[in-house]
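Q: Quick one: this structure, given as C-alpha coordinates, is what I'll be asking you about.
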Amino acid sequence: MQSFDGLDQELDQWSAAGRTVSLWWRDDDAVAATPQLTRLVAMARRHRLPLAIAAVPARMQPDLVGALSAPGLTVLQHGYAHINQAAPGGRAVECGGDRAAKDVFSELRDGMRGLMRTFGASFLPVLVPPWNRIDPGVAASLAQEGYLGLSSFGPRHHAGRGGAGSSDGAPLILPPRCAAINAHLDLLTWKGGPAFAGAEKLIRLFAERLEDRRLARTDPDEPFGILTHHLDHDEASWSFLERLLGRLGSHPAIRFQPITTLVAEAPVR
(Lines give C-alpha, C1' and ligand atoms only; values in the text may rest on other atoms or scores of the structure.)
Protein backbone atom coordinates (compact mmCIF):
# COMPACT_ATOMS: atom_id res chain seq x y z
CA MET A 1 0.00 0.00 0.00
CA GLN A 2 1.37 3.40 -1.05
CA SER A 3 2.75 5.60 1.74
CA PHE A 4 1.35 9.10 2.30
CA ASP A 5 4.52 10.20 4.13
CA GLY A 6 5.47 12.93 1.65
CA LEU A 7 2.02 14.51 1.82
CA ASP A 8 1.85 14.15 5.60
CA GLN A 9 5.21 15.89 5.97
CA GLU A 10 4.07 18.82 3.83
CA LEU A 11 0.81 19.16 5.77
CA ASP A 12 2.75 18.98 9.03
CA GLN A 13 4.71 22.03 7.89
CA TRP A 14 1.45 23.90 7.36
CA SER A 15 0.34 22.93 10.86
CA ALA A 16 3.67 23.94 12.39
CA ALA A 17 3.28 27.38 10.82
CA GLY A 18 -0.26 27.69 12.17
CA ARG A 19 -1.74 27.60 8.66
CA THR A 20 -4.54 25.59 7.08
CA VAL A 21 -5.38 24.55 3.53
CA SER A 22 -8.91 25.17 2.26
CA LEU A 23 -9.79 22.04 0.30
CA TRP A 24 -12.74 21.36 -1.96
CA TRP A 25 -13.90 18.47 -4.16
CA ARG A 26 -15.29 18.66 -7.72
CA ASP A 27 -16.55 15.78 -9.84
CA ASP A 28 -17.28 16.19 -13.56
CA ASP A 29 -19.56 14.77 -16.27
CA ALA A 30 -22.74 13.93 -14.34
CA VAL A 31 -25.59 13.05 -16.68
CA ALA A 32 -27.60 10.23 -15.06
CA ALA A 33 -28.09 8.19 -11.88
CA THR A 34 -25.38 5.66 -12.68
CA PRO A 35 -23.97 3.14 -10.18
CA GLN A 36 -20.72 5.12 -10.28
CA LEU A 37 -22.49 8.33 -9.26
CA THR A 38 -24.29 6.52 -6.46
CA ARG A 39 -20.94 5.21 -5.22
CA LEU A 40 -19.40 8.68 -5.36
CA VAL A 41 -22.21 10.34 -3.41
CA ALA A 42 -22.13 7.55 -0.82
CA MET A 43 -18.38 8.12 -0.37
CA ALA A 44 -18.92 11.84 0.20
CA ARG A 45 -21.62 11.13 2.79
CA ARG A 46 -19.50 8.48 4.51
CA HIS A 47 -16.65 10.97 4.95
CA ARG A 48 -19.11 13.81 5.69
CA LEU A 49 -17.61 16.00 2.98
CA PRO A 50 -19.17 18.62 0.71
CA LEU A 51 -19.08 17.73 -2.99
CA ALA A 52 -19.60 19.85 -6.10
CA ILE A 53 -21.03 17.95 -9.07
CA ALA A 54 -20.57 19.41 -12.56
CA ALA A 55 -23.62 18.35 -14.62
CA VAL A 56 -23.90 18.48 -18.41
CA PRO A 57 -27.23 20.30 -19.03
CA ALA A 58 -28.08 19.06 -22.53
CA ARG A 59 -27.45 15.43 -21.64
CA MET A 60 -29.14 15.23 -18.23
CA GLN A 61 -31.51 12.34 -17.64
CA PRO A 62 -34.57 12.76 -15.36
CA ASP A 63 -33.16 10.40 -12.72
CA LEU A 64 -30.21 12.71 -12.08
CA VAL A 65 -32.39 14.82 -9.77
CA GLY A 66 -32.89 12.03 -7.27
CA ALA A 67 -29.24 10.99 -7.47
CA LEU A 68 -28.12 14.49 -6.45
CA SER A 69 -30.66 15.11 -3.71
CA ALA A 70 -28.34 14.22 -0.80
CA PRO A 71 -27.31 16.95 1.67
CA GLY A 72 -23.92 18.56 1.07
CA LEU A 73 -24.10 18.40 -2.74
CA THR A 74 -23.86 21.46 -4.98
CA VAL A 75 -24.58 21.30 -8.71
CA LEU A 76 -22.42 23.30 -11.13
CA GLN A 77 -22.79 23.80 -14.90
CA HIS A 78 -20.48 21.66 -17.03
CA GLY A 79 -20.71 23.58 -20.30
CA TYR A 80 -23.76 22.72 -22.37
CA ALA A 81 -23.50 19.40 -24.22
CA HIS A 82 -19.79 18.58 -23.77
CA ILE A 83 -19.23 18.67 -27.54
CA ASN A 84 -15.94 19.77 -29.08
CA GLN A 85 -16.35 23.02 -31.02
CA ALA A 86 -12.68 23.62 -31.76
CA ALA A 87 -11.44 24.64 -35.18
CA PRO A 88 -9.78 21.80 -37.12
CA GLY A 89 -6.48 20.95 -35.47
CA GLY A 90 -7.28 22.94 -32.32
CA ARG A 91 -7.43 21.66 -28.75
CA ALA A 92 -10.81 20.41 -27.63
CA VAL A 93 -13.05 23.22 -26.37
CA GLU A 94 -16.79 23.79 -26.12
CA CYS A 95 -16.90 27.23 -24.47
CA GLY A 96 -15.45 28.98 -27.52
CA GLY A 97 -13.71 27.39 -30.45
CA ASP A 98 -14.79 27.84 -34.04
CA ARG A 99 -17.86 30.00 -33.39
CA ALA A 100 -18.94 33.40 -32.10
CA ALA A 101 -19.28 34.17 -28.40
CA LYS A 102 -22.99 34.96 -28.85
CA ASP A 103 -23.59 31.39 -30.02
CA VAL A 104 -21.67 30.00 -27.05
CA PHE A 105 -23.72 32.07 -24.62
CA SER A 106 -26.99 31.14 -26.31
CA GLU A 107 -26.28 27.52 -25.36
CA LEU A 108 -24.94 28.36 -21.91
CA ARG A 109 -28.04 30.41 -21.07
CA ASP A 110 -30.26 27.53 -22.08
CA GLY A 111 -28.18 25.18 -19.95
CA MET A 112 -28.28 27.48 -16.93
CA ARG A 113 -32.06 27.83 -17.13
CA GLY A 114 -32.43 24.06 -17.28
CA LEU A 115 -30.23 23.54 -14.23
CA MET A 116 -32.09 26.21 -12.27
CA ARG A 117 -35.44 24.61 -13.05
CA THR A 118 -34.17 21.13 -12.24
CA PHE A 119 -32.08 21.67 -9.12
CA GLY A 120 -33.33 24.95 -7.65
CA ALA A 121 -31.30 26.07 -4.64
CA SER A 122 -28.83 23.18 -5.07
CA PHE A 123 -27.57 24.78 -8.29
CA LEU A 124 -24.77 27.33 -8.05
CA PRO A 125 -24.10 29.35 -11.23
CA VAL A 126 -20.43 28.45 -11.58
CA LEU A 127 -19.27 27.39 -15.04
CA VAL A 128 -17.03 24.34 -15.37
CA PRO A 129 -15.86 24.39 -19.01
CA PRO A 130 -15.48 20.97 -20.63
CA TRP A 131 -11.83 19.98 -20.98
CA ASN A 132 -11.14 22.86 -18.53
CA ARG A 133 -10.81 25.24 -21.46
CA ILE A 134 -12.63 28.44 -22.30
CA ASP A 135 -11.94 31.25 -24.76
CA PRO A 136 -10.82 34.49 -23.02
CA GLY A 137 -13.63 36.47 -24.66
CA VAL A 138 -16.21 34.12 -23.22
CA ALA A 139 -14.60 34.17 -19.77
CA ALA A 140 -14.59 37.97 -19.75
CA SER A 141 -18.39 38.10 -20.09
CA LEU A 142 -19.37 35.48 -17.52
CA ALA A 143 -20.49 37.90 -14.80
CA GLN A 144 -22.89 39.77 -17.07
CA GLU A 145 -24.40 36.41 -18.03
CA GLY A 146 -25.18 35.66 -14.39
CA TYR A 147 -22.26 33.43 -13.43
CA LEU A 148 -20.73 33.82 -9.99
CA GLY A 149 -17.57 31.93 -10.87
CA LEU A 150 -15.47 29.82 -13.20
CA SER A 151 -13.87 26.51 -12.25
CA SER A 152 -11.06 25.37 -14.51
CA PHE A 153 -7.83 23.49 -13.70
CA GLY A 154 -4.53 24.76 -12.34
CA PRO A 155 -3.36 27.71 -10.22
CA ARG A 156 -5.49 30.81 -10.67
CA HIS A 157 -3.89 34.05 -11.83
CA HIS A 158 -0.83 32.13 -13.01
CA ALA A 159 -0.23 31.57 -16.72
CA GLY A 160 1.29 28.35 -17.93
CA ARG A 161 0.32 25.02 -19.36
CA GLY A 162 -3.16 24.16 -18.17
CA GLY A 163 -3.13 26.75 -15.44
CA ALA A 164 -4.76 29.52 -17.42
CA GLY A 165 -7.74 27.42 -18.46
CA SER A 166 -8.12 29.13 -21.85
CA SER A 167 -8.30 27.19 -25.09
CA ASP A 168 -4.95 28.54 -26.27
CA GLY A 169 -3.08 28.64 -22.96
CA ALA A 170 -3.28 32.44 -22.67
CA PRO A 171 -3.92 34.00 -19.24
CA LEU A 172 -7.60 34.47 -18.47
CA ILE A 173 -9.00 37.77 -17.29
CA LEU A 174 -12.18 37.21 -15.34
CA PRO A 175 -14.62 40.07 -14.77
CA PRO A 176 -15.03 41.64 -11.32
CA ARG A 177 -17.20 39.61 -8.93
CA CYS A 178 -16.55 36.39 -10.84
CA ALA A 179 -14.61 33.98 -8.63
CA ALA A 180 -11.93 31.59 -9.90
CA ILE A 181 -12.36 28.34 -7.93
CA ASN A 182 -10.14 25.82 -9.70
CA ALA A 183 -9.25 22.17 -9.32
CA HIS A 184 -5.58 21.20 -8.98
CA LEU A 185 -5.25 17.43 -8.60
CA ASP A 186 -6.93 15.16 -11.17
CA LEU A 187 -6.98 11.50 -10.17
CA LEU A 188 -6.87 10.51 -13.84
CA THR A 189 -4.53 10.96 -16.78
CA TRP A 190 -6.08 11.47 -20.21
CA LYS A 191 -3.49 10.85 -22.89
CA GLY A 192 -4.63 7.75 -24.73
CA GLY A 193 -7.86 7.60 -22.75
CA PRO A 194 -8.74 8.04 -19.07
CA ALA A 195 -6.66 6.00 -16.62
CA PHE A 196 -5.75 6.19 -12.94
CA ALA A 197 -2.72 8.46 -12.55
CA GLY A 198 -1.20 6.24 -9.85
CA ALA A 199 -0.96 6.69 -6.08
CA GLU A 200 2.76 7.53 -5.99
CA LYS A 201 2.44 10.24 -8.63
CA LEU A 202 -0.69 11.78 -7.10
CA ILE A 203 0.78 11.93 -3.59
CA ARG A 204 3.94 13.55 -4.95
CA LEU A 205 1.99 16.10 -7.02
CA PHE A 206 -0.29 16.93 -4.12
CA ALA A 207 2.68 17.61 -1.82
CA GLU A 208 4.52 19.64 -4.47
CA ARG A 209 1.50 21.82 -5.24
CA LEU A 210 0.89 22.49 -1.57
CA GLU A 211 4.56 23.40 -1.17
CA ASP A 212 4.17 25.88 -4.05
CA ARG A 213 1.38 27.58 -2.07
CA ARG A 214 3.26 27.51 1.22
CA LEU A 215 6.29 29.17 -0.40
CA ALA A 216 4.10 31.61 -2.38
CA ARG A 217 5.21 30.30 -5.76
CA THR A 218 1.47 30.18 -6.48
CA ASP A 219 -1.37 32.03 -4.77
CA PRO A 220 -1.00 30.99 -1.09
CA ASP A 221 -4.65 31.75 -0.34
CA GLU A 222 -6.14 29.79 -3.22
CA PRO A 223 -8.36 26.85 -2.23
CA PHE A 224 -7.03 23.49 -3.38
CA GLY A 225 -9.37 21.43 -5.52
CA ILE A 226 -9.47 17.64 -5.92
CA LEU A 227 -10.94 16.59 -9.26
CA THR A 228 -12.66 13.26 -9.94
CA HIS A 229 -14.58 11.79 -12.88
CA HIS A 230 -16.89 9.11 -11.49
CA LEU A 231 -17.75 7.59 -14.88
CA ASP A 232 -14.09 6.84 -15.65
CA HIS A 233 -12.82 5.45 -12.34
CA ASP A 234 -11.45 1.94 -12.07
CA GLU A 235 -11.12 0.10 -8.77
CA ALA A 236 -7.64 1.51 -8.19
CA SER A 237 -9.03 5.05 -8.53
CA TRP A 238 -11.88 4.37 -6.10
CA SER A 239 -9.56 2.72 -3.58
CA PHE A 240 -7.07 5.59 -3.67
CA LEU A 241 -9.83 8.20 -3.34
CA GLU A 242 -11.25 6.43 -0.29
CA ARG A 243 -7.84 6.36 1.39
CA LEU A 244 -7.00 9.94 0.41
CA LEU A 245 -10.25 11.40 1.77
CA GLY A 246 -9.84 9.50 5.03
CA ARG A 247 -6.27 10.71 5.39
CA LEU A 248 -7.09 14.34 4.63
CA GLY A 249 -10.15 14.42 6.85
CA SER A 250 -8.07 13.55 9.90
CA HIS A 251 -5.27 16.11 9.41
CA PRO A 252 -5.54 19.41 11.33
CA ALA A 253 -4.07 21.42 8.45
CA ILE A 254 -6.99 20.52 6.16
CA ARG A 255 -10.26 22.42 6.14
CA PHE A 256 -12.81 21.02 3.69
CA GLN A 257 -15.11 23.73 2.34
CA PRO A 258 -18.26 23.72 0.19
CA ILE A 259 -17.88 25.68 -3.02
CA THR A 260 -20.73 27.96 -1.94
CA THR A 261 -18.49 29.22 0.88
CA LEU A 262 -15.46 29.56 -1.39
CA VAL A 263 -17.40 31.65 -3.91
CA ALA A 264 -18.84 33.85 -1.17
CA GLU A 265 -15.40 34.41 0.37
CA ALA A 266 -13.48 34.90 -2.90
CA PRO A 267 -11.63 38.22 -3.10
CA VAL A 268 -13.43 40.84 -5.20
CA ARG A 269 -11.18 42.18 -7.92
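Order determines the names: the first chain of the C-alpha coordinates is A, the second B, and so forth; residues in each chain are numbered 1 upward, and ligands are numbered 1 upward as they are shown.
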Taking the chain letters and numbering used in this document, name the residues of range 181-230 of chain A that DSSP puts in helix (DSSP H, G or I), as a short mmCIF file (atom, residue, chain, number, x, y, z; two decimals) with N, CA and C atoms, in the first residue's frame.
A:
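And here's selection.cif as it stands now:
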data_model
loop_
_atom_site.label_atom_id
_atom_site.label_comp_id
_atom_site.auth_asym_id
_atom_site.auth_seq_id
_atom_site.Cartn_x
_atom_site.Cartn_y
_atom_site.Cartn_z
N ALA A 199 -1.04 6.14 -7.43
CA ALA A 199 -0.96 6.69 -6.08
C ALA A 199 0.33 7.46 -5.84
N GLU A 200 1.46 6.89 -6.24
CA GLU A 200 2.76 7.53 -5.99
C GLU A 200 2.83 8.90 -6.65
N LYS A 201 2.41 8.97 -7.90
CA LYS A 201 2.44 10.24 -8.63
C LYS A 201 1.51 11.26 -7.99
N LEU A 202 0.30 10.85 -7.64
CA LEU A 202 -0.69 11.78 -7.10
C LEU A 202 -0.25 12.32 -5.74
N ILE A 203 0.31 11.47 -4.89
CA ILE A 203 0.78 11.93 -3.59
C ILE A 203 1.92 12.92 -3.76
N ARG A 204 2.82 12.63 -4.70
CA ARG A 204 3.94 13.55 -4.95
C ARG A 204 3.44 14.89 -5.48
N LEU A 205 2.52 14.86 -6.45
CA LEU A 205 1.99 16.10 -7.02
C LEU A 205 1.24 16.92 -5.98
N PHE A 206 0.46 16.24 -5.16
CA PHE A 206 -0.29 16.93 -4.12
C PHE A 206 0.67 17.68 -3.19
N ALA A 207 1.71 16.99 -2.72
CA ALA A 207 2.68 17.61 -1.82
C ALA A 207 3.40 18.76 -2.50
N GLU A 208 3.80 18.58 -3.76
CA GLU A 208 4.52 19.64 -4.47
C GLU A 208 3.65 20.88 -4.67
N ARG A 209 2.38 20.68 -4.98
CA ARG A 209 1.50 21.82 -5.24
C ARG A 209 1.14 22.55 -3.96
N LEU A 210 1.07 21.82 -2.85
CA LEU A 210 0.89 22.49 -1.57
C LEU A 210 2.15 23.26 -1.17
N GLU A 211 3.31 22.69 -1.45
CA GLU A 211 4.56 23.40 -1.17
C GLU A 211 4.62 24.70 -1.97
N ASP A 212 4.19 24.66 -3.23
CA ASP A 212 4.17 25.88 -4.05
C ASP A 212 3.33 26.97 -3.38
N ARG A 213 2.20 26.60 -2.78
CA ARG A 213 1.38 27.58 -2.07
C ARG A 213 2.10 28.08 -0.82
N ARG A 214 2.62 27.14 -0.04
CA ARG A 214 3.26 27.51 1.22
C ARG A 214 4.41 28.49 1.01
N HIS A 230 -16.34 10.38 -11.96
CA HIS A 230 -16.89 9.11 -11.49
C HIS A 230 -17.11 8.08 -12.59
#
Q: Tell me, as a list in words, which residues lie within 12 Å of Gly146 in chain A, counting only C-alpha atoms; anything in the same chain fewer than 6 positions away does not count.
A: Phe105, Leu108, Arg109, Met112, Arg113, Met116, Leu124, Pro125, Val126, Leu127, Ala139, Pro175, Arg177 and Cys178 of chain A
Q: Mind dumping the selected residues with N, CA, C and O atoms as a CSV table (one decimal), in the first residue's frame?
A:
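Generated file (out_39.csv):
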chain,number,residue,atom,x,y,z
A,105,PHE,N,-22.9,31.6,-25.7
A,105,PHE,CA,-23.7,32.1,-24.6
A,105,PHE,C,-25.2,31.7,-24.8
A,105,PHE,O,-25.9,31.5,-23.9
A,108,LEU,N,-25.2,28.3,-23.4
A,108,LEU,CA,-24.9,28.4,-21.9
A,108,LEU,C,-26.2,28.9,-21.2
A,108,LEU,O,-26.5,28.4,-20.1
A,109,ARG,N,-26.8,29.9,-21.7
A,109,ARG,CA,-28.0,30.4,-21.1
A,109,ARG,C,-29.1,29.3,-21.0
A,109,ARG,O,-29.8,29.2,-20.0
A,112,MET,N,-28.1,26.9,-18.3
A,112,MET,CA,-28.3,27.5,-16.9
A,112,MET,C,-29.7,27.5,-16.5
A,112,MET,O,-30.1,27.1,-15.4
A,113,ARG,N,-30.6,27.9,-17.4
A,113,ARG,CA,-32.1,27.8,-17.1
A,113,ARG,C,-32.5,26.4,-16.8
A,113,ARG,O,-33.3,26.2,-15.8
A,116,MET,N,-31.3,25.5,-13.3
A,116,MET,CA,-32.1,26.2,-12.3
A,116,MET,C,-33.4,25.6,-12.1
A,116,MET,O,-33.9,25.4,-10.9
A,124,LEU,N,-25.6,26.1,-8.2
A,124,LEU,CA,-24.8,27.3,-8.1
A,124,LEU,C,-24.2,27.7,-9.4
A,124,LEU,O,-23.6,26.9,-10.1
A,125,PRO,N,-24.5,29.0,-9.9
A,125,PRO,CA,-24.1,29.3,-11.2
A,125,PRO,C,-22.6,29.6,-11.4
A,125,PRO,O,-22.1,30.7,-11.4
A,126,VAL,N,-21.9,28.5,-11.3
A,126,VAL,CA,-20.4,28.4,-11.6
A,126,VAL,C,-20.2,27.6,-12.8
A,126,VAL,O,-20.7,26.5,-12.9
A,127,LEU,N,-19.5,28.1,-13.8
A,127,LEU,CA,-19.3,27.4,-15.0
A,127,LEU,C,-18.0,26.5,-14.9
A,127,LEU,O,-16.9,27.0,-14.6
A,139,ALA,N,-14.9,34.0,-21.2
A,139,ALA,CA,-14.6,34.2,-19.8
A,139,ALA,C,-14.8,35.6,-19.3
A,139,ALA,O,-15.4,35.8,-18.2
A,175,PRO,N,-14.0,38.8,-15.2
A,175,PRO,CA,-14.6,40.1,-14.8
A,175,PRO,C,-14.7,40.2,-13.3
A,175,PRO,O,-14.6,39.2,-12.5
A,177,ARG,N,-16.1,40.4,-9.6
A,177,ARG,CA,-17.2,39.6,-8.9
A,177,ARG,C,-17.5,38.3,-9.6
A,177,ARG,O,-18.6,37.7,-9.5
A,178,CYS,N,-16.5,37.8,-10.3
A,178,CYS,CA,-16.6,36.4,-10.8
A,178,CYS,C,-15.4,35.6,-10.3
A,178,CYS,O,-14.2,35.9,-10.6
Q: If you measure from CA of Ala92 in chain A to CA of Gly193 in chain A, what distance in Å do you get, rounded to one decimal?
A: 14.0 Å
Q: Could you pull the residues within 8 Å of range 249-261 of chain A, counting only C-alpha atoms, minus those fewer than 5 positions along the same chain, as an MDAnalysis selection string?
A: chainID A and resid 11:12 14:15 19:24 47 49:52 72 74 124 181
Q: Kindly save the residues from that selection, with N, CA, C and O atoms included, as a tab-separated table (two decimals), in the first residue's frame.
A:
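The result, written out as part.tsv:
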chain	number	residue	atom	x	y	z
A	11	LEU	N	1.92	18.65	4.96
A	11	LEU	CA	0.81	19.16	5.77
A	11	LEU	C	1.28	19.48	7.18
A	11	LEU	O	0.80	20.44	7.80
A	12	ASP	N	2.21	18.70	7.69
A	12	ASP	CA	2.75	18.98	9.03
A	12	ASP	C	3.45	20.35	9.06
A	12	ASP	O	3.41	21.05	10.08
A	14	TRP	N	2.54	22.92	7.28
A	14	TRP	CA	1.45	23.90	7.36
A	14	TRP	C	0.98	24.03	8.80
A	14	TRP	O	0.79	25.14	9.30
A	15	SER	N	0.79	22.91	9.47
A	15	SER	CA	0.34	22.93	10.86
A	15	SER	C	1.35	23.64	11.76
A	15	SER	O	0.98	24.44	12.63
A	19	ARG	N	-0.96	27.34	9.87
A	19	ARG	CA	-1.74	27.60	8.66
A	19	ARG	C	-2.60	26.39	8.30
A	19	ARG	O	-2.30	25.26	8.70
A	20	THR	N	-3.67	26.66	7.55
A	20	THR	CA	-4.54	25.59	7.08
A	20	THR	C	-4.74	25.71	5.58
A	20	THR	O	-4.59	26.80	5.00
A	21	VAL	N	-5.09	24.60	4.95
A	21	VAL	CA	-5.38	24.55	3.53
A	21	VAL	C	-6.89	24.39	3.35
A	21	VAL	O	-7.48	23.46	3.89
A	22	SER	N	-7.50	25.33	2.62
A	22	SER	CA	-8.91	25.17	2.26
A	22	SER	C	-9.00	24.20	1.09
A	22	SER	O	-8.43	24.45	0.02
A	23	LEU	N	-9.71	23.10	1.30
A	23	LEU	CA	-9.79	22.04	0.30
A	23	LEU	C	-11.24	21.90	-0.16
A	23	LEU	O	-12.17	22.03	0.63
A	24	TRP	N	-11.41	21.64	-1.45
A	24	TRP	CA	-12.74	21.36	-1.96
A	24	TRP	C	-12.67	20.23	-2.97
A	24	TRP	O	-11.58	19.88	-3.46
A	47	HIS	N	-17.73	10.14	4.40
A	47	HIS	CA	-16.65	10.97	4.95
A	47	HIS	C	-17.17	12.33	5.44
A	47	HIS	O	-16.38	13.15	5.91
A	49	LEU	N	-18.29	14.94	3.71
A	49	LEU	CA	-17.61	16.00	2.98
A	49	LEU	C	-18.55	16.64	1.96
A	49	LEU	O	-19.36	15.96	1.33
A	50	PRO	N	-18.42	17.95	1.78
A	50	PRO	CA	-19.17	18.62	0.71
A	50	PRO	C	-18.62	18.23	-0.65
A	50	PRO	O	-17.41	18.00	-0.79
A	51	LEU	N	-19.48	18.17	-1.65
A	51	LEU	CA	-19.08	17.73	-2.99
A	51	LEU	C	-19.79	18.58	-4.02
A	51	LEU	O	-21.00	18.78	-3.94
A	52	ALA	N	-19.04	19.09	-4.98
A	52	ALA	CA	-19.60	19.85	-6.10
A	52	ALA	C	-19.64	18.95	-7.33
A	52	ALA	O	-18.61	18.40	-7.73
A	72	GLY	N	-25.35	18.31	1.28
A	72	GLY	CA	-23.92	18.56	1.07
A	72	GLY	C	-23.49	18.57	-0.38
A	72	GLY	O	-22.31	18.75	-0.68
A	74	THR	N	-23.60	20.25	-4.21
A	74	THR	CA	-23.86	21.46	-4.98
A	74	THR	C	-23.69	21.13	-6.45
A	74	THR	O	-22.72	20.48	-6.83
A	124	LEU	N	-25.57	26.12	-8.21
A	124	LEU	CA	-24.77	27.33	-8.05
A	124	LEU	C	-24.25	27.73	-9.43
A	124	LEU	O	-23.61	26.91	-10.10
A	181	ILE	N	-12.45	29.43	-8.91
A	181	ILE	CA	-12.36	28.34	-7.93
A	181	ILE	C	-11.95	27.09	-8.69
A	181	ILE	O	-12.79	26.32	-9.17
Q: Any chance you could tabulate, as CSV, the residues of range 41-142 of chain A at most 6 Å from range 32-35 of chain A with each one's nearest atom pair and distance in Å to one decimal, using only C-alpha atoms, in chain and rising number order?
A:
residue,atom,partner,partner_atom,distance
A:Gln61,CA,A:Ala32,CA,5.1
A:Asp63,CA,A:Ala33,CA,5.6
A:Leu64,CA,A:Ala32,CA,4.7
A:Ala67,CA,A:Ala33,CA,5.4
